Amino acid sequence: MREEAKNIIDPNEAQPGLNTVVLSKEQFREFHTFLNIIKTHFDDLCIIDGTFRARSNDRSFIVETGFRYFQNCDFSIADINLLSRMIAVLYKNTDITVTFTEESIIFADGCQSVEVAKANTQFIDNAFYTYEEMYGIFFECINPDSPLIKETKSKNVVKNISKVAQNLNTTAIKFRHNENDLNKGHIIISMQGGSPEYTVKLDEDFITPMIENYSFSVTSFPFIFNQAEMVFNYYFDIDRPIIYAIYNTSVDGLFINIYSRTSLIEEDELTKAFLG
């Protein structure tokens with residue numbers, strides 16, 4: 001079992017406004033890996049009580065995870081890309097001490113240290129979403145009696161979906177029912193015009209039959225999390241032609257949830273608009 005991060009404040013040495021935790025080498029690796037994955041799509045890092053829950057720069061999806069070693073810690077850092085590159089210089093085979101002061105955060109490996117300024121949470125681009133906010137914009141709208149898909153895909157398939165979308169320079173992944181069968185479906189990734197085209201069969205039947213001649217397209221960005229298998233969960237809206245997507249996966253020891261939504265459209269429509 002992986003050792004949990006611990007508070008190591010010595011009451012004889014602690015200073016006002018100072019808090020320190022220690023990350024094992026495995027914990028530091030998962031934290032750094034997470035930063036590397038999201039740095040292209042998120043500008044800022046905001047963690048509240050150990051939880052990260054924020055909307056991507058293009059507002060197409062929300063990522064949620066919890067860092068058990070940062071429990072009881074609230075902090076924001078601007079420029080994830082720079083943070084990731086800076087802490088990459090620290091030694092990977094030793095514990096990393098993270099010290100929080102009123103103005104900054106210091107990552108140290110016993111020989112080297114990286115100090116970054118705390119950001120003002122009121123002015124960061126990727127603000128923290130509370131559970132109440134998530135409920136209002138997402139969970140409150142889902143029809144629990146009309147789940148559409150629950151499908152698990154392997155790490156290799158998730159990687160392939162991400163790679164093909166990049167190769168075809170598209171962010172749209174289309175879900176549609178099979179011809180003459182509203183209970184079965186498949187995933188399609190293609191360039192405009194339909195060629196070349198990549199197809200993945202859905203192993204599970206639709207829980208609620210798909211509407212004939214309708215499909216929906218989801219953003220490919222959640223598939224940047226491609227280090228483990230991924231569970232797709234799709235739900236109908238209570239009373240609008242909207243599909244809600246919840247993806248479950250992991251990065252090392254982190255459990256990751258990704259949320260997005262999109263419109264249900266007729267097949268002859270050309271516009272595949274994602275809802276912000």
# chains A, B, ... in the order shown; residues from 1 in each chain; ligands from 1
>>> select_by_dssp(residues="stretch 34-171 of chain A", states="strand (DSSP E)", output="number ranges by chain")
A: 45-48, 51-55, 62-66, 75-77, 96-100, 104-108, 113-117, 142-153
>>> residues_around(residues="stretch 138-155 of chain A", least_positions_apart="2", cutoff="9 Å", atoms="only C-alpha atoms", output="PyMOL selection string")
chain A and resi 133-136+157-160+202-210+226-239+243-244+259-261
>>> closest_residue(among="A:Ala245, A:Ala165, A:Leu35, A:Met86", to="A:Asn257", atoms="only C-alpha atoms")
A:Ala245
>>> atom_distance(atom1="atom CA of A:Asn126", atom2="atom CA of A:Ile258")
14.7 Å
>>> select_by_dssp(residues="stretch 103-272 of chain A", states="helix (DSSP H, G or I)", output="MDAnalysis selection string")
chainID A and resid 131:137 139:141 155:167 221:224
>>> residues_around(residues="A:Phe28", least_positions_apart="2", cutoff="10 Å", atoms="only C-alpha atoms", output="PyMOL selection string")
chain A and resi 22-26+30-34+69+87+90+92-97
>>> closest_residue(among="A:Phe123, A:Phe216, A:Phe225, A:Tyr198", to="A:Leu168", atoms="only C-alpha atoms")
A:Tyr198
>>> decode(residues="stretch 19-47 of chain A", atoms="N, CA and C atoms", output="short mmCIF file (atom, residue, chain, number, x, y, z; two decimals), in the first residue's frame")
data_model
loop_
_atom_site.label_atom_id
_atom_site.label_comp_id
_atom_site.auth_asym_id
_atom_site.auth_seq_id
_atom_site.Cartn_x
_atom_site.Cartn_y
_atom_site.Cartn_z
N ASN A 19 2.88 25.75 6.39
CA ASN A 19 2.39 24.38 6.45
C ASN A 19 3.22 23.55 5.49
N THR A 20 3.58 22.34 5.90
CA THR A 20 4.46 21.51 5.08
C THR A 20 3.93 20.09 4.99
N VAL A 21 3.97 19.52 3.80
CA VAL A 21 3.63 18.12 3.59
C VAL A 21 4.76 17.47 2.80
N VAL A 22 4.83 16.15 2.91
CA VAL A 22 5.85 15.40 2.19
C VAL A 22 5.18 14.47 1.20
N LEU A 23 5.63 14.50 -0.05
CA LEU A 23 5.14 13.59 -1.07
C LEU A 23 6.17 12.50 -1.28
N SER A 24 5.71 11.25 -1.28
CA SER A 24 6.61 10.17 -1.65
C SER A 24 6.96 10.32 -3.12
N LYS A 25 7.97 9.60 -3.58
CA LYS A 25 8.36 9.71 -4.98
C LYS A 25 7.22 9.28 -5.90
N GLU A 26 6.41 8.30 -5.46
CA GLU A 26 5.27 7.87 -6.27
C GLU A 26 4.20 8.97 -6.33
N GLN A 27 3.96 9.62 -5.21
CA GLN A 27 2.96 10.69 -5.18
C GLN A 27 3.40 11.89 -6.00
N PHE A 28 4.67 12.23 -5.91
CA PHE A 28 5.17 13.34 -6.72
C PHE A 28 5.07 13.01 -8.21
N ARG A 29 5.36 11.76 -8.57
CA ARG A 29 5.26 11.36 -9.97
C ARG A 29 3.84 11.48 -10.48
N GLU A 30 2.83 11.03 -9.69
CA GLU A 30 1.46 11.12 -10.17
C GLU A 30 1.00 12.57 -10.27
N PHE A 31 1.42 13.42 -9.32
CA PHE A 31 1.08 14.84 -9.38
C PHE A 31 1.68 15.48 -10.63
N HIS A 32 2.95 15.19 -10.89
CA HIS A 32 3.63 15.77 -12.05
C HIS A 32 3.03 15.23 -13.34
N THR A 33 2.70 13.96 -13.38
CA THR A 33 2.09 13.37 -14.57
C THR A 33 0.75 14.03 -14.86
N PHE A 34 -0.04 14.26 -13.83
CA PHE A 34 -1.33 14.93 -14.00
C PHE A 34 -1.14 16.32 -14.60
N LEU A 35 -0.17 17.07 -14.08
CA LEU A 35 0.10 18.40 -14.63
C LEU A 35 0.49 18.33 -16.09
N ASN A 36 1.33 17.36 -16.45
CA ASN A 36 1.76 17.22 -17.84
C ASN A 36 0.59 16.92 -18.77
N ILE A 37 -0.38 16.16 -18.28
CA ILE A 37 -1.53 15.81 -19.10
C ILE A 37 -2.43 17.02 -19.34
N ILE A 38 -2.69 17.81 -18.31
CA ILE A 38 -3.68 18.89 -18.44
C ILE A 38 -3.09 20.21 -18.91
N LYS A 39 -1.76 20.33 -18.96
CA LYS A 39 -1.13 21.64 -19.18
C LYS A 39 -1.48 22.27 -20.52
N THR A 40 -1.86 21.47 -21.52
CA THR A 40 -2.22 22.03 -22.82
C THR A 40 -3.61 22.63 -22.81
N HIS A 41 -4.46 22.17 -21.88
CA HIS A 41 -5.87 22.55 -21.90
C HIS A 41 -6.31 23.35 -20.68
N PHE A 42 -5.42 23.54 -19.72
CA PHE A 42 -5.71 24.33 -18.53
C PHE A 42 -4.55 25.29 -18.28
N ASP A 43 -4.88 26.56 -18.05
CA ASP A 43 -3.82 27.54 -17.76
C ASP A 43 -3.37 27.46 -16.31
N ASP A 44 -4.33 27.35 -15.39
CA ASP A 44 -4.03 27.52 -13.97
C ASP A 44 -4.45 26.29 -13.16
N LEU A 45 -3.79 26.14 -12.01
CA LEU A 45 -4.08 25.05 -11.09
C LEU A 45 -4.72 25.63 -9.83
N CYS A 46 -5.93 25.19 -9.53
CA CYS A 46 -6.61 25.62 -8.30
C CYS A 46 -7.05 24.39 -7.54
N ILE A 47 -6.53 24.22 -6.32
CA ILE A 47 -6.84 23.08 -5.49
C ILE A 47 -7.47 23.56 -4.19
#
